[in-house]
Amino acid sequence: MRTLPLLLSLAILPGMAGAQQNPSPERERSKGVVKRGDHVMGFSHEATTHHYRLLSDGGEMDVTANDPKDKASIDQIRTHLGHIAQMFAVGNFKAPMLIHDTNPPGTATMTRLKEQIRYEFSETDRGARIRLVTSSPEITDAVHAFLLFQIVDHRTQDVPTIADGLTQK
């Protein structure tokens with residue numbers, strides 16, 4: 001079961017290359033994610049960069065303003081991710097549903113076992129970060145599935161490898 005997220009990424013990522021070459025339903029879906037995301041998150045995808053990292057003890061969501069002087073985006077990122085950390089901690093994954101127009105994989109398990117996940121919010125120089133930390137292999141798999149979905153749907157081009165959770169800050 002531990003390899004499921006990586007197998008999922010291997011199945012999904014080749015399709016991303018084809019979607020970038022030809023206009024397709026995937027490209028239209030991506031436009032919808034951007035439009036809905038800008039509305040729900042309160043900041044522009046164009047003015048910010050999203051990163052999702054898979055870690056051995058969970059994962060990380062990191063959003064930064066592209067321009068270090070863009071105080072409005074930095075403030076909105078911090079507000080949004082602070083709110084998301086609070087929502088996720090009580091098992092509320094409505095925001096991802098509104099952005100992606102589907103329930104991201106992993107959220108059912110993350111909701112059911114919410115007491116076993118710690119959401120650590122922190123501000124960064126140009127935005128904010130949420131660390132998702134757990135000691136449960138089942139939840140780690142769910143977090144990885146959720147983050148892999150984010151990587152694909154937000155087209156971040158993040159590498160779907162699992163890093164040591166202790167090395168990330």
# chains A, B, ... in the order shown; residues from 1 in each chain; ligands from 1

call {"tool": "select_by_dssp", "arguments": {"residues": "segment 34-140 of chain A", "states": "helix (DSSP H, G or I)", "output": "ChimeraX atom specification"}}
result
/A:34-41,71-89,94-100,107-112,114-116,137-140

call {"tool": "residues_around", "arguments": {"residues": "Ser122 of chain A", "least_positions_apart": "4", "cutoff": "10 Å", "atoms": "only C-alpha atoms", "output": "list of chain:residue names"}}
result
A:Asp62, A:Arg78, A:Leu81, A:Gly82, A:Ala85, A:Gly127, A:Ala128, A:Arg129, A:Ile130, A:Arg131, A:Lys169

call {"tool": "atom_distance", "arguments": {"atom1": "atom CA of Ala163 of chain A", "atom2": "atom CA of Gly58 of chain A"}}
result
9.6 Å

call {"tool": "residues_around", "arguments": {"residues": "segment 66-68 of chain A", "least_positions_apart": "5", "cutoff": "8 Å", "atoms": "only C-alpha atoms", "output": "list in words"}}
result
Ala47, Thr48, Thr49, Asp125 and Arg126 of chain A

call {"tool": "residues_around", "arguments": {"residues": "Phe146 of chain A", "least_positions_apart": "6", "cutoff": "8 Å", "atoms": "only C-alpha atoms", "output": "PyMOL selection string"}}
result
chain A and resi 104-107

call {"tool": "atom_distance", "arguments": {"atom1": "atom CA of Asn92 of chain A", "atom2": "atom CA of Gly59 of chain A"}}
result
17.7 Å

call {"tool": "closest_residue", "arguments": {"among": "A:Leu132, A:Leu55, A:Thr102, A:Met41", "to": "Ile74 of chain A", "atoms": "only C-alpha atoms"}}
result
A:Met41

call {"tool": "closest_residue", "arguments": {"among": "A:Gln86, A:Asp57, A:Thr161, A:Pro137", "to": "Phe121 of chain A", "atoms": "only C-alpha atoms"}}
result
A:Gln86

call {"tool": "atom_distance", "arguments": {"atom1": "atom CA of Lys114 of chain A", "atom2": "atom CA of Phe88 of chain A"}}
result
7.9 Å

call {"tool": "select_by_dssp", "arguments": {"residues": "segment 45-163 of chain A", "states": "strand (DSSP E or B)", "output": "PyMOL selection string"}}
result
chain A and resi 48-55+58-65+118-124+127-133+162-163
